[in-house]
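Encoded as structure tokens, the structure appears first; notes follow it.
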Amino acid sequence: MPRKGLLLHRGNMICEVIVDIAHSEVDKVFEYVSDVSVAPGTRVAVPFGASVATGFVIREKERSDYPAEKLKHILRAEDARPAINTECLELAKKIAARYRVPMALALRLFLPAEMRKGKVAETYRTFARFLGDVPTQNAPRQAACLAYLREHGEADAAELRKQFGAAVNALVKKGGVALEKRRVLRDPYKEVAGESISRALTPAQARAVETVERTNKTVVLVHGVTGSGKTEVYLTLIARALERGQTAIFLVPEISLTPQMLSQLRARFGSLAAIMHSGLSAGERFDEWQRLREGDARIAIGARSAVFVPVENVGVIVLDEEHDGSYSSESAPRYNTFDIALLRAKFNGCKLVLGSATPSVETYKRAMDGEFELVRMPDRINARPLPDVNLVDMRREVKRGNASPFSAALRDRLASCLAEGQQAILFLNRRGYSQTVLCRDCGYVAKCEHCDVSLTYHSEEDCLKCHYCGTKYKMLTACPVCGGHHICYAGTGTQRVVRDLQQLYPEARILRMDNDTTSGKEGHFRILKQFAERQADILVGTQMVAKGHDFPLVTLVGILDADMSLHFPDYRSNERTFQLVTQVAGRSGRGSEKGDVILQTYDPDNAILRYAAAYDYEGFYHHEINMRAALMFPPFARIVRVMVTGEEEKLALEALREVYEKLQRLYLTHGEDFLFFNRMHAPIRRIQGKHRYQVLMRLASDTLLAEIYDAASSVTRRDVLVYVEENPSNLS
Ligand code: ADP
Ligand code: ZN
């Protein structure tokens, strides 16, 4: 293997290099001369203008069209082994072309950011190793130190020096002890240990595994109810890939939310599993990436960015909770994880396994159409019943004079749950104390200065917070417009629910889990661990509590306001609501006791809620797909939004006009492709001080997609961002 900085083979080669500057002006291939061969994917240092830049060799060739004396020389290779493997290099090219981003930006997806900045280096530690006995008369510390090493073989030198001081070096001098510097890898999840449970697969699980391995289709959708044992199916498929000498990629929406999953993986695969997620420190990320590239780790587990890991010979790719919105990237390139995973599955000739209790309508349609293989797991493990879902009409509660966030039915059930020593989860999709703060006299609503959104009151800090930019404001004592003192808090948030609960059940131990309580890498872990260890009776939280948790003592789930997500300005709001209700409900009754769900709504006849309450995915799907077909929404059409945002309104409007004119030309010449075409303010007109405009389109086919990307990327204004979103999961 070539050492760092050294290159093999003599002879003048021409290298095509992408310089790592993500500017459209330099988005082209530069040619350099190298007197040795450099494998494609290798990072190199090259002269660029007056300075030195990092670049990636993407191709090697014999000759250039430029005269040789005009070409500069590659200065050195940065890594011993190409940072980007052949497959990933091809992928980067496809991503750059598909999403119209500079190649440098596409390549960056494949590297830990820390590596690019050259900030983290490998960490080394010095170990003291026992070599043999040496005389230690009149030196009791040396004798003790030597005895210690004789027994343990070796120890961390720094630790040893703390205990034995200069004796360590004295022993080294005498030849009894050797010092060795060794590379150590940071282990981000040392604390997550678990027992290795090897279980026999249930017949349903075995059938699922078999179907995945037998089918000739690349994509398999595992549609299994919550608690049907999908995880075990994935783990078996991954273990089989390892047995075949292959690697695996396991994608999950947000890994920090599922410590149980982590400990299972660690228990089962030990250090063969590399865990990549956003909460890791720079050094930890780099080390995990390195272990994968070197083949020391052969399973990559992580959120969407883990789809770019440098593994080779991939045997299976799993995309768990495939319906989850976090699989779409919200910064350039705005890729969809499924699309990338599919490319990798095809390249490696392996299966892509999608799993969900509530598949997205688009995915399910593709399974219905026969494009994907479909595996059903309709029953919970051990035939445990799914919890009963009771719809409670909150209008009736209001009529009865109950203005609290809890219906009588929920209070009764909570009381019995607590009395029997069981646990409950209450779900509410709103953090903070109240949703809006308004003046009763004049109707003034407190809003953020930088964003076009109302502020939320946070009781713990006694302040108003903007949930879009995080700015905090002092609580109002009087209305700034009319001077009135009738300030009211409308809409209930998680903080208020906790306060009200504590008043109702003073004995109950209550935990809250939302964006405000889960900061830091350990935030989720801490709360979930406390709840799992029965240190609390009730867990109140936002959609974080809906994700795959498995708490056997939970027998009651309360959904406080099921209508919230129904009225979201988004074509997926029905789908979201169905998914959310099903997922939260699925947390109940996973142990030996049967569970209940209380679903509070102001719209008890709503078809979507009724399907969710009956666990009728098929019913929901047919209802929804018919509506989408009738209205021509995805998957029957594609929604494309070109966003224009900038701090200076004038510049943003200029850019908007320019991109609109280009798009309008498309619209006028290809009218038949457009179901909808208009420019307007984005629903939230300003976020973090940036004005937001959009050209919104609904397209009957994908044929114009490339031209739309071109139109957007051709508009460049100072300090204005213009970008394309396809079927955006958030149209705010
Ligand atoms: P899902 O991901 O489908 O919601 P899980 O994978 O969390 O379901 O499994 C539900 C429960 O069943 C978990 O507690 C898990 O430990 C248990 N389980 C899974 N497979 C088996 C099996 N083969 N035998 C016994 N218990 C199992
Ligand atoms: Zn704000």
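Residues in the structure tokens are named by chain (A, B, ... in the order shown) and by number from 1 within that chain; ligands are numbered from 1 in the order shown.
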Contacts with ligand 2 at most 6 Å, only C-alpha atoms and all ligand atoms counted, listed as an MDAnalysis selection string | chainID A and resid 448 450:451 466 468:469 471 688
DSSP helix (DSSP H, G or I) residues within region 115-251 of chain A, as a ChimeraX atom specification | /A:115-117,140-152,157-164,167-174,203-214,230-243
Shell of 10 Å around ligand 1 (only C-alpha atoms and all ligand atoms), written as JSON, numbers by chain = {"A": [197, 198, 199, 200, 201, 202, 203, 204, 205, 206, 222, 223, 224, 225, 226, 227, 228, 229, 230, 231, 232, 233, 234, 235, 260, 261, 264, 320, 321, 355, 356, 357, 377, 378, 379, 380, 381, 382, 384, 547, 548, 549, 550, 551, 552, 583, 586, 587, 590, 591]}
Using the selection just defined, write its residues with C-alpha atoms as an mmCIF file, in the first residue's frame.
data_model
loop_
_atom_site.group_PDB
_atom_site.id
_atom_site.type_symbol
_atom_site.label_atom_id
_atom_site.label_comp_id
_atom_site.auth_asym_id
_atom_site.auth_seq_id
_atom_site.Cartn_x
_atom_site.Cartn_y
_atom_site.Cartn_z
ATOM 1 C CA ILE A 197 -30.348 -11.704 22.152
ATOM 2 C CA SER A 198 -30.453 -14.236 19.417
ATOM 3 C CA ARG A 199 -34.038 -15.211 18.844
ATOM 4 C CA ALA A 200 -35.746 -17.639 16.576
ATOM 5 C CA LEU A 201 -37.621 -15.788 13.870
ATOM 6 C CA THR A 202 -41.386 -15.988 13.970
ATOM 7 C CA PRO A 203 -42.955 -17.528 10.851
ATOM 8 C CA ALA A 204 -43.942 -14.055 9.640
ATOM 9 C CA GLN A 205 -40.394 -12.775 10.082
ATOM 10 C CA ALA A 206 -38.917 -15.815 8.368
ATOM 11 C CA VAL A 222 -42.079 -4.465 4.343
ATOM 12 C CA HIS A 223 -45.459 -3.213 5.459
ATOM 13 C CA GLY A 224 -45.671 -4.369 9.059
ATOM 14 C CA VAL A 225 -47.841 -3.006 11.847
ATOM 15 C CA THR A 226 -46.120 -1.395 14.835
ATOM 16 C CA GLY A 227 -44.631 -4.150 16.979
ATOM 17 C CA SER A 228 -44.665 -6.742 14.200
ATOM 18 C CA GLY A 229 -40.935 -7.300 14.599
ATOM 19 C CA LYS A 230 -39.555 -5.542 11.536
ATOM 20 C CA THR A 231 -36.271 -4.739 13.260
ATOM 21 C CA GLU A 232 -35.452 -8.416 13.634
ATOM 22 C CA VAL A 233 -36.065 -8.876 9.916
ATOM 23 C CA TYR A 234 -33.587 -6.110 9.090
ATOM 24 C CA LEU A 235 -30.982 -7.458 11.502
ATOM 25 C CA GLN A 260 -32.900 0.532 22.115
ATOM 26 C CA MET A 261 -32.102 0.021 18.474
ATOM 27 C CA GLN A 264 -29.394 -4.113 19.918
ATOM 28 C CA ASP A 320 -36.542 2.033 8.033
ATOM 29 C CA GLU A 321 -39.656 4.216 8.519
ATOM 30 C CA GLY A 355 -39.991 -0.706 6.127
ATOM 31 C CA SER A 356 -42.986 1.056 7.613
ATOM 32 C CA ALA A 357 -46.261 0.564 9.411
ATOM 33 C CA MET A 377 -46.643 -8.366 8.516
ATOM 34 C CA PRO A 378 -50.167 -7.710 9.731
ATOM 35 C CA ASP A 379 -49.814 -9.008 13.290
ATOM 36 C CA ARG A 380 -47.873 -7.995 16.347
ATOM 37 C CA ILE A 381 -45.293 -10.366 17.808
ATOM 38 C CA ASN A 382 -46.872 -13.102 19.944
ATOM 39 C CA ARG A 384 -50.419 -9.220 20.994
ATOM 40 C CA LYS A 547 -40.862 7.232 16.891
ATOM 41 C CA GLY A 548 -40.198 3.511 17.254
ATOM 42 C CA HIS A 549 -39.887 3.342 21.059
ATOM 43 C CA ASP A 550 -40.629 0.099 22.795
ATOM 44 C CA PHE A 551 -41.780 0.675 26.398
ATOM 45 C CA PRO A 552 -43.562 -2.456 27.600
ATOM 46 C CA GLN A 583 -47.196 5.673 15.105
ATOM 47 C CA GLY A 586 -48.304 1.999 18.330
ATOM 48 C CA ARG A 587 -46.442 2.900 21.523
ATOM 49 C CA ARG A 590 -46.429 -3.413 23.615
ATOM 50 C CA GLY A 591 -45.918 -5.453 26.782
#
Backbone-only DSSP, strand (DSSP E or B) members of region 6-117 of chain A, as a PyMOL selection string = chain A and resi 8+13-19+30-34+37+43-48+51-61+72-73+76-77
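Once Ile340 (chain A) and its same-chain neighbours fewer than 6 positions away are set aside, Leu91, Ile95, Val307 and Phe308 of chain A remain within 9 Å of it when counting only C-alpha atoms.
Nearest to Val134 (chain A) of all the residues A:Ala332, A:Ala170, A:Asp369, A:Leu651 is A:Ala170, based on only C-alpha atoms.
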